[in-house]
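S.K.: This is model15.txt, which holds compact mmCIF, C-alpha atoms:
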# COMPACT_ATOMS: atom_id res chain seq x y z
CA MET A 1 26.65 42.85 25.37
CA ARG A 2 24.62 39.99 24.02
CA GLU A 3 21.72 40.75 26.34
CA LYS A 4 21.78 44.36 25.34
CA TYR A 5 21.41 43.72 21.59
CA GLY A 6 19.26 40.65 21.93
CA ILE A 7 20.57 39.06 18.72
CA LEU A 8 21.99 35.88 20.18
CA PRO A 9 20.25 33.82 22.85
CA THR A 10 21.46 34.54 26.33
CA ILE A 11 23.31 31.77 28.08
CA ARG A 12 21.94 31.19 31.56
CA PRO A 13 22.50 28.32 34.00
CA ASP A 14 19.02 26.89 33.32
CA SER A 15 19.37 26.91 29.51
CA LYS A 16 19.94 23.15 29.45
CA VAL A 17 16.56 22.56 31.04
CA ARG A 18 14.96 24.97 28.63
CA ASN A 19 16.58 23.28 25.62
CA LEU A 20 15.36 19.95 26.87
CA ALA A 21 11.84 21.32 27.30
CA THR A 22 11.85 22.76 23.77
CA LEU A 23 13.07 19.46 22.39
CA LEU A 24 10.35 17.54 24.23
CA ILE A 25 7.59 19.85 23.06
CA ALA A 26 8.86 19.65 19.48
CA LEU A 27 8.94 15.85 19.68
CA LEU A 28 5.43 15.64 21.07
CA LEU A 29 4.08 17.98 18.42
CA ALA A 30 5.88 16.04 15.68
CA GLY A 31 4.30 12.83 16.95
CA CYS A 32 0.85 14.04 15.93
CA VAL A 33 1.71 14.99 12.37
CA THR A 34 2.78 12.77 9.49
CA THR A 35 3.60 14.00 6.03
CA PRO A 36 1.66 11.88 3.56
CA PRO A 37 3.34 11.13 0.23
CA ASP A 38 1.71 11.56 -3.20
CA ILE A 39 -0.92 8.87 -2.76
CA PHE A 40 -3.49 9.78 -5.37
CA VAL A 41 -1.31 10.47 -8.39
CA VAL A 42 -1.12 7.86 -11.16
CA THR A 43 2.57 7.31 -11.93
CA SER A 44 4.05 5.41 -14.89
CA GLU A 45 4.99 2.65 -12.45
CA LEU A 46 1.32 2.29 -11.50
CA GLN A 47 0.35 2.24 -15.19
CA GLN A 48 2.71 -0.68 -15.73
CA LYS A 49 1.02 -2.50 -12.88
CA ARG A 50 -2.29 -2.05 -14.67
CA GLN A 51 -0.86 -3.97 -17.64
CA ILE A 52 0.26 -6.83 -15.41
CA GLU A 53 -2.98 -7.01 -13.44
CA THR A 54 -5.44 -6.84 -16.36
CA ARG A 55 -6.61 -9.34 -19.01
CA ARG A 56 -9.35 -9.08 -21.61
CA TYR A 57 -11.88 -11.87 -22.09
CA GLU A 58 -14.15 -12.13 -25.11
CA GLY A 59 -17.21 -14.23 -25.91
CA ILE A 60 -18.50 -14.56 -22.36
CA ASN A 61 -21.09 -12.42 -20.58
CA GLU A 62 -20.33 -10.56 -17.37
CA ALA A 63 -22.31 -12.87 -15.07
CA ASP A 64 -20.59 -16.02 -16.44
CA LEU A 65 -17.18 -14.35 -16.35
CA ILE A 66 -17.47 -13.23 -12.73
CA THR A 67 -18.76 -16.70 -11.76
CA ALA A 68 -15.77 -18.28 -13.51
CA CYS A 69 -13.45 -15.92 -11.58
CA ALA A 70 -15.13 -16.68 -8.24
CA ASN A 71 -14.59 -20.36 -8.98
CA VAL A 72 -10.88 -19.78 -9.61
CA LEU A 73 -10.56 -17.95 -6.29
CA GLN A 74 -12.15 -20.94 -4.59
CA ASP A 75 -9.78 -23.26 -6.51
CA LEU A 76 -6.95 -21.27 -4.93
CA GLY A 77 -8.40 -21.71 -1.43
CA PHE A 78 -9.73 -18.20 -0.96
CA ASN A 79 -12.87 -17.48 1.04
CA LEU A 80 -15.12 -14.87 -0.50
CA GLU A 81 -15.37 -11.82 1.74
CA ASN A 82 -17.52 -9.36 -0.10
CA SER A 83 -19.08 -9.10 -3.51
CA GLU A 84 -21.18 -6.67 -5.51
CA THR A 85 -21.91 -8.31 -8.83
CA LYS A 86 -23.74 -5.19 -10.02
CA LEU A 87 -20.36 -3.48 -10.06
CA GLY A 88 -18.35 -6.58 -10.95
CA VAL A 89 -16.46 -6.66 -7.65
CA ILE A 90 -15.35 -9.69 -5.64
CA THR A 91 -13.02 -9.61 -2.67
CA ALA A 92 -11.58 -12.69 -1.00
CA SER A 93 -8.95 -13.62 1.54
CA LYS A 94 -7.17 -16.55 3.15
CA GLU A 95 -4.90 -17.08 6.13
CA ARG A 96 -1.68 -18.95 5.49
CA ASP A 97 1.65 -19.78 7.07
CA ALA A 98 4.36 -17.17 6.46
CA THR A 99 7.48 -18.92 7.74
CA HIS A 100 10.31 -18.76 5.26
CA GLY A 101 13.43 -20.95 5.62
CA GLY A 102 15.86 -18.35 4.29
CA GLU A 103 14.49 -15.59 6.46
CA ILE A 104 14.72 -17.73 9.63
CA ALA A 105 18.28 -18.84 8.76
CA GLY A 106 19.28 -15.18 8.29
CA ALA A 107 17.76 -14.23 11.64
CA ILE A 108 19.64 -17.09 13.38
CA VAL A 109 22.98 -16.07 11.82
CA VAL A 110 22.48 -12.45 12.90
CA GLY A 111 21.44 -13.65 16.36
CA ILE A 112 24.57 -15.79 16.80
CA LEU A 113 26.96 -13.16 15.44
CA THR A 114 25.53 -10.36 17.56
CA THR A 115 25.56 -12.60 20.66
CA LEU A 116 29.26 -13.29 20.05
CA VAL A 117 29.91 -9.55 19.91
CA GLY A 118 27.98 -9.22 23.16
CA ALA A 119 24.92 -7.28 21.90
CA PRO A 120 22.39 -9.86 20.78
CA ILE A 121 19.83 -8.69 18.21
CA ILE A 122 16.74 -10.81 17.66
CA ILE A 123 15.27 -10.25 14.21
CA PRO A 124 11.55 -11.02 14.02
CA THR A 125 10.52 -13.30 11.16
CA GLY A 126 7.20 -13.89 9.42
CA ARG A 127 4.77 -16.11 11.32
CA ASP A 128 1.49 -16.09 9.42
CA GLN A 129 -0.19 -13.98 6.81
CA THR A 130 -3.52 -12.90 5.40
CA ILE A 131 -3.55 -12.91 1.62
CA ARG A 132 -6.19 -10.61 0.18
CA VAL A 133 -7.43 -10.28 -3.35
CA ALA A 134 -9.75 -7.90 -5.14
CA LEU A 135 -11.07 -8.89 -8.54
CA VAL A 136 -13.01 -6.50 -10.73
CA VAL A 137 -14.77 -7.23 -14.02
CA ARG A 138 -15.66 -4.28 -16.22
CA PRO A 139 -16.99 -4.03 -19.76
CA VAL A 140 -14.64 -2.88 -22.53
CA ILE A 141 -15.72 0.56 -23.76
CA ASP A 142 -15.58 1.11 -27.54
CA SER A 143 -14.55 4.34 -29.27
CA ASN A 144 -18.14 5.68 -29.08
CA GLY A 145 -18.17 5.31 -25.31
CA LYS A 146 -20.55 2.33 -25.41
CA ALA A 147 -19.95 -0.89 -23.51
CA MET A 148 -19.16 -3.77 -25.87
CA THR A 149 -21.18 -6.98 -25.52
CA ASP A 150 -19.44 -10.07 -24.14
CA ASN A 151 -16.13 -8.24 -23.96
CA HIS A 152 -14.67 -7.55 -20.54
CA PHE A 153 -11.53 -6.68 -18.64
CA VAL A 154 -10.65 -8.59 -15.52
CA ARG A 155 -8.34 -6.81 -13.14
CA VAL A 156 -6.97 -8.51 -10.07
CA THR A 157 -4.72 -7.28 -7.24
CA PHE A 158 -3.14 -9.36 -4.51
CA GLN A 159 -2.01 -8.01 -1.16
CA ARG A 160 -0.63 -9.69 1.90
CA LEU A 161 -0.46 -8.77 5.57
CA VAL A 162 2.34 -10.61 7.34
CA ARG A 163 2.33 -11.01 11.12
CA ARG A 164 5.85 -11.43 12.51
CA THR A 165 7.04 -13.37 15.53
CA ASP A 166 7.16 -10.12 17.55
CA ASN A 167 3.48 -9.43 16.75
CA THR A 168 4.24 -6.58 14.36
CA VAL A 169 2.41 -6.54 11.03
CA PHE A 170 3.57 -5.40 7.65
CA GLY A 171 1.57 -5.14 4.46
CA GLU A 172 2.57 -5.20 0.83
CA THR A 173 1.04 -5.41 -2.63
CA LEU A 174 2.28 -8.41 -4.60
CA ASN A 175 3.95 -7.32 -7.85
CA ASP A 176 5.43 -10.48 -9.35
CA PRO A 177 4.21 -10.61 -13.00
CA LYS A 178 4.54 -14.43 -12.93
CA LEU A 179 1.93 -14.62 -10.15
CA TYR A 180 -0.58 -12.66 -12.21
CA GLN A 181 0.25 -14.62 -15.37
CA ASP A 182 -0.39 -17.93 -13.57
CA PHE A 183 -3.60 -16.59 -12.10
CA PHE A 184 -4.98 -15.49 -15.47
CA GLU A 185 -4.10 -18.85 -17.01
CA LYS A 186 -6.38 -20.42 -14.42
CA VAL A 187 -9.10 -17.88 -15.22
CA SER A 188 -8.81 -18.72 -18.93
CA LYS A 189 -9.26 -22.39 -18.12
CA SER A 190 -12.23 -21.61 -15.90
CA VAL A 191 -13.80 -19.40 -18.58
CA PHE A 192 -13.48 -22.29 -21.00
CA LEU A 193 -15.13 -24.68 -18.54
CA GLU A 194 -17.86 -22.12 -17.84
CA ALA A 195 -18.54 -21.73 -21.56
CA GLN A 196 -18.83 -25.49 -21.95
CA LYS A 197 -21.03 -25.59 -18.83
CA ILE A 198 -18.88 -28.31 -17.31
CA MET B 199 14.01 20.55 42.63
CA LYS B 200 15.72 21.15 39.31
CA PRO B 201 15.96 17.51 38.11
CA LEU B 202 12.25 17.13 38.86
CA PHE B 203 11.26 19.76 36.32
CA PRO B 204 11.80 17.68 33.13
CA VAL B 205 10.05 14.72 34.75
CA ILE B 206 6.99 16.82 35.58
CA LEU B 207 7.04 18.25 32.08
CA VAL B 208 7.09 14.79 30.47
CA CYS B 209 4.27 13.55 32.71
CA ALA B 210 2.15 16.61 31.97
CA SER B 211 2.73 16.22 28.22
CA LEU B 212 1.86 12.56 28.28
CA LEU B 213 -1.28 13.18 30.29
CA SER B 214 -2.46 15.90 27.99
CA GLY B 215 -1.41 13.74 25.00
CA CYS B 216 -2.49 14.89 21.55
CA ALA B 217 -6.25 14.57 21.92
CA THR B 218 -8.89 12.99 24.14
CA THR B 219 -10.91 9.91 23.16
CA ASN B 220 -13.90 12.05 22.28
CA GLN B 221 -11.77 14.15 19.96
CA ARG B 222 -10.44 10.97 18.36
CA VAL B 223 -13.91 9.51 17.82
CA LEU B 224 -15.36 12.71 16.45
CA ASP B 225 -12.11 13.65 14.65
CA LEU B 226 -12.41 17.20 15.86
CA GLY B 227 -9.80 19.25 14.12
CA ASP B 228 -9.37 22.91 13.37
CA GLU B 229 -11.61 22.71 10.34
CA THR B 230 -15.39 22.78 10.36
CA GLN B 231 -17.66 20.04 9.03
CA LEU B 232 -18.43 22.21 6.02
CA GLN B 233 -14.77 22.85 5.17
CA LYS B 234 -14.09 19.13 5.30
CA ARG B 235 -17.05 18.37 3.04
CA SER B 236 -16.07 20.98 0.54
CA TYR B 237 -12.58 19.63 -0.15
CA GLN B 238 -13.67 16.00 0.09
CA SER B 239 -16.54 16.37 -2.42
CA ARG B 240 -16.98 17.06 -6.12
CA ILE B 241 -19.99 17.14 -8.41
CA PHE B 242 -20.06 15.37 -11.78
CA GLU B 243 -22.52 16.14 -14.58
CA THR B 244 -23.94 12.67 -15.03
CA ALA B 245 -26.96 10.76 -13.76
CA ASP B 246 -25.32 7.36 -14.31
CA LYS B 247 -24.53 6.06 -10.82
CA GLU B 248 -23.14 2.76 -12.10
CA LYS B 249 -20.74 4.50 -14.47
CA VAL B 250 -19.41 6.73 -11.69
CA LEU B 251 -19.02 3.79 -9.29
CA ARG B 252 -17.21 1.70 -11.89
CA ALA B 253 -14.92 4.64 -12.69
CA ILE B 254 -14.12 5.05 -8.98
CA ILE B 255 -13.25 1.34 -8.76
CA SER B 256 -10.88 1.48 -11.73
CA THR B 257 -9.32 4.75 -10.53
CA LEU B 258 -8.62 3.19 -7.13
CA GLN B 259 -7.17 0.10 -8.80
CA ASP B 260 -4.99 2.30 -10.99
CA LEU B 261 -3.72 3.96 -7.81
CA GLY B 262 -2.69 0.56 -6.39
CA PHE B 263 -5.63 0.05 -4.03
CA VAL B 264 -7.33 -3.26 -3.33
CA ILE B 265 -11.11 -2.94 -3.15
CA ASP B 266 -12.44 -4.05 0.24
CA ARG B 267 -16.13 -3.41 -0.18
CA ALA B 268 -18.56 -2.17 -2.78
CA ASP B 269 -22.27 -1.50 -2.44
CA PHE B 270 -24.33 -0.32 -5.37
CA MET B 271 -27.44 0.64 -3.38
CA LEU B 272 -25.49 2.67 -0.85
CA GLY B 273 -23.17 3.86 -3.62
CA SER B 274 -20.03 3.28 -1.60
CA ILE B 275 -16.59 1.81 -2.28
CA SER B 276 -13.93 1.13 0.36
CA ALA B 277 -10.36 0.26 -0.54
CA THR B 278 -6.92 -0.24 1.04
CA LYS B 279 -3.42 0.36 -0.28
CA GLN B 280 -0.38 -1.33 1.27
CA ASP B 281 2.74 0.54 0.31
CA ARG B 282 4.98 0.88 3.39
CA ASN B 283 2.09 2.94 4.75
CA GLN B 284 -1.45 1.69 4.94
CA ILE B 285 -3.95 3.96 3.23
CA ARG B 286 -7.67 3.39 3.57
CA ILE B 287 -10.31 5.25 1.61
CA THR B 288 -14.09 5.26 1.37
CA VAL B 289 -15.73 6.91 -1.62
CA SER B 290 -19.46 7.45 -1.79
CA VAL B 291 -21.71 8.54 -4.63
CA ARG B 292 -25.16 9.99 -4.28
CA PRO B 293 -27.49 11.74 -6.71
CA LYS B 294 -27.58 15.52 -6.54
CA GLY B 295 -30.80 16.58 -8.19
CA SER B 296 -31.86 14.53 -11.19
CA ASP B 297 -28.84 14.89 -13.48
CA ARG B 298 -25.77 15.19 -11.28
CA MET B 299 -23.78 12.97 -8.92
CA LEU B 300 -22.00 14.03 -5.76
CA VAL B 301 -18.80 12.08 -5.07
CA ARG B 302 -17.30 12.26 -1.63
CA ALA B 303 -14.08 10.67 -0.38
CA ASN B 304 -12.43 10.34 3.00
CA ALA B 305 -9.09 8.72 3.58
CA GLN B 306 -6.64 7.87 6.32
CA LEU B 307 -2.91 7.27 6.34
CA ASN B 308 -1.94 4.64 8.92
CA ILE B 309 -3.66 6.00 12.02
CA SER B 310 -4.33 9.60 11.04
CA PRO B 311 -6.98 11.15 8.83
CA ILE B 312 -5.78 12.71 5.58
CA GLU B 313 -6.70 16.37 5.90
CA ASP B 314 -4.62 17.84 3.10
CA PRO B 315 -7.02 19.14 0.39
CA LYS B 316 -4.26 18.59 -2.21
CA GLN B 317 -4.51 14.80 -1.74
CA TYR B 318 -8.25 14.89 -2.47
CA GLN B 319 -7.64 17.20 -5.43
CA ASP B 320 -5.22 14.58 -6.80
CA PHE B 321 -7.79 11.84 -6.32
CA PHE B 322 -10.54 13.77 -8.08
CA SER B 323 -8.31 14.70 -11.00
CA SER B 324 -7.45 11.00 -11.45
CA LEU B 325 -11.18 10.24 -11.34
CA GLU B 326 -11.94 12.99 -13.88
CA LYS B 327 -9.59 11.32 -16.37
CA SER B 328 -11.25 7.97 -15.90
CA LEU B 329 -14.78 9.43 -16.21
CA PHE B 330 -13.99 11.84 -19.06
CA LEU B 331 -15.95 14.42 -17.06
CA THR B 332 -14.97 17.58 -15.25
CA ALA B 333 -15.41 17.72 -11.51
CA HIS B 334 -17.16 20.72 -10.05
CA ALA B 335 -16.68 21.99 -6.53
CA GLY B 336 -19.57 22.82 -4.28
CA GLU B 337 -21.82 21.12 -1.79
Hey, can you dump this file as structure tokens for me?
M.R.:
Amino acid sequence: MREKYGILPTIRPDSKVRNLATLLIALLLAGCVTTPPDIFVVTSELQQKRQIETRRYEGINEADLITACANVLQDLGFNLENSETKLGVITASKERDATHGGEIAGAIVVGILTTLVGAPIIIPTGRDQTIRVALVVRPVIDSNGKAMTDNHFVRVTFQRLVRRTDNTVFGETLNDPKLYQDFFEKVSKSVFLEAQKI
Amino acid sequence: MKPLFPVILVCASLLSGCATTNQRVLDLGDETQLQKRSYQSRIFETADKEKVLRAIISTLQDLGFVIDRADFMLGSISATKQDRNQIRITVSVRPKGSDRMLVRANAQLNISPIEDPKQYQDFFSSLEKSLFLTAHAGE
């Protein structure tokens, strides 16, 4: 009956093989395609980040300000990677240890508990990391669309790439407001020193 | 014979894979070079290269990217975003005639190119807001 009307799939002895084949093909096709999220839309969350990552500096010209910022990055142990002073851009990075006591303790506890149950799970922990920073200086634009003299915004973003004990890597943007606050305090100090030519 | 069939199928699929090395290097997809250029590019009515480059930098920063490289002469900016996925983008600016600028972007998500025109549309509309200029299509 089913075959006659052709509405439902016919059940044959080899249908298992065919289902398996379909599944495999679907899996292989799916492997090639990823659905990207909304990457290029400015959300309110991103606007908040702008507040945290930006400070305004007055009474110092762009060249002195970017020099003061480069000095702060060196104070913090960063190596300059790339710069284009014409556009007010500096990028820098440093390699540091990424071991974290709490994280290792957690991994050990999980390891022991799962071993007791008979199915040990080894959780990889952070080994080392590359901390990256991009710092951009741009002039403040007044209401007439003209760049104001000796009045600039400094925007900085920190990222880190952590390599784990199992050689996997994960990346994240650092969002702690305290980190940015501390950084800008150092810039303020450096701007002061730069202005005094110390 | 029967149990061999899935095994052969898997081997064949793995051998054929998704694309050959040449296809990977040249990123040969279904779309033509011209199609790709058209959704990855916009024209802005300004002759100020520095202004456009600075607007691209702040747009990318607003979108949570860290600038990797900037070159005024070449007119290019490269940036990376780390947000569960890794997104890399290169934006280039070059003069189009004497009073317009052509902005072109190409991006990748983890290990695949972003080929959805909507993503580029989103990027250019964010850039429009930062430049206070309207983007025009056309190569």
S.K.: What is the CA of Ile122 in chain A-CA of Ile104 in chain A distance in Å, reported with one decimal?
M.R.: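 Interatomic distance here is 10.8 Å.
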S.K.: Compute the set of chain B residues within 9 Å of chain A, using all atoms listed in the file, and express it as a ChimeraX atom specification.
M.R.: /B:200-201,203-204,207-208,211-212,215-216,248,251-252,255-270,279-285,307,310,312,314,317-324
S.K.: Within 8 Å of (-8.4, 19.7, 7.9) (file coordinates; only C-alpha atoms), which protein or nucleic acid residues are there? I'd like them as a ChimeraX atom specification.
M.R.: /B:227-229,233-234,312-315
S.K.: Could you please determine the separation between CA of Phe192 in chain A and CA of Ile66 in chain A in Å, to one decimal place?
M.R.: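 Taking CA of Phe192 in chain A as the start and CA of Ile66 in chain A as the end point, the length is 12.9 Å.
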S.K.: What is the CA of Arg222 in chain B-CA of Gly273 in chain B distance in Å, reported with one decimal?
M.R.: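 Between CA of Arg222 in chain B and CA of Gly273 in chain B the gap is 26.4 Å.
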S.K.: If we count only C-alpha atoms, what is near Arg286 in chain B at a cut-off of 8 Å, once residues fewer than 3 positions away on the same chain are taken out, given as a list in words?
M.R.: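 The filter keeps Ser276, Ala277, Thr278, Lys279, Ala305, Gln306, Leu307 and Asn308 of chain B.
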S.K.: Next, dump the selected residues to file, keeping only C-alpha atoms, as a PDB file, keeping the file's coordinate frame.
M.R.:
ATOM      1  CA  SER B 276     -13.930   1.130   0.360  1.00  0.00           C
ATOM      2  CA  ALA B 277     -10.360   0.260  -0.540  1.00  0.00           C
ATOM      3  CA  THR B 278      -6.920  -0.240   1.040  1.00  0.00           C
ATOM      4  CA  LYS B 279      -3.420   0.360  -0.280  1.00  0.00           C
ATOM      5  CA  ALA B 305      -9.090   8.720   3.580  1.00  0.00           C
ATOM      6  CA  GLN B 306      -6.640   7.870   6.320  1.00  0.00           C
ATOM      7  CA  LEU B 307      -2.910   7.270   6.340  1.00  0.00           C
ATOM      8  CA  ASN B 308      -1.940   4.640   8.920  1.00  0.00           C
TER       9      ASN B 308
END
S.K.: Using all atoms listed in the file, determine which residues lie at most 12 Å from Val140 in chain A, disregarding the query and same-chain residues fewer than 2 positions distant; provide the list as a list in words.
M.R.: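 Within the cut-off, the hits are Thr54, Arg55, Arg56, Tyr57, Glu58, Asn61, Glu62, Val137, Arg138, Asp142, Ser143, Asn144, Gly145, Lys146, Ala147, Met148, Thr149, Asp150, Asn151, His152, Phe153, Val154 and Arg155 of chain A; Arg252 of chain B.
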S.K.: Considering all atoms listed in the file, state which residue in the set B:Lys316, B:Ala335, B:Ser239, B:Asp246 is at the smallest distance from Ala303 in chain B.
M.R.: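 Between B:Lys316, B:Ala335, B:Ser239, B:Asp246, the residue approaching Ala303 in chain B most closely is B:Ser239.
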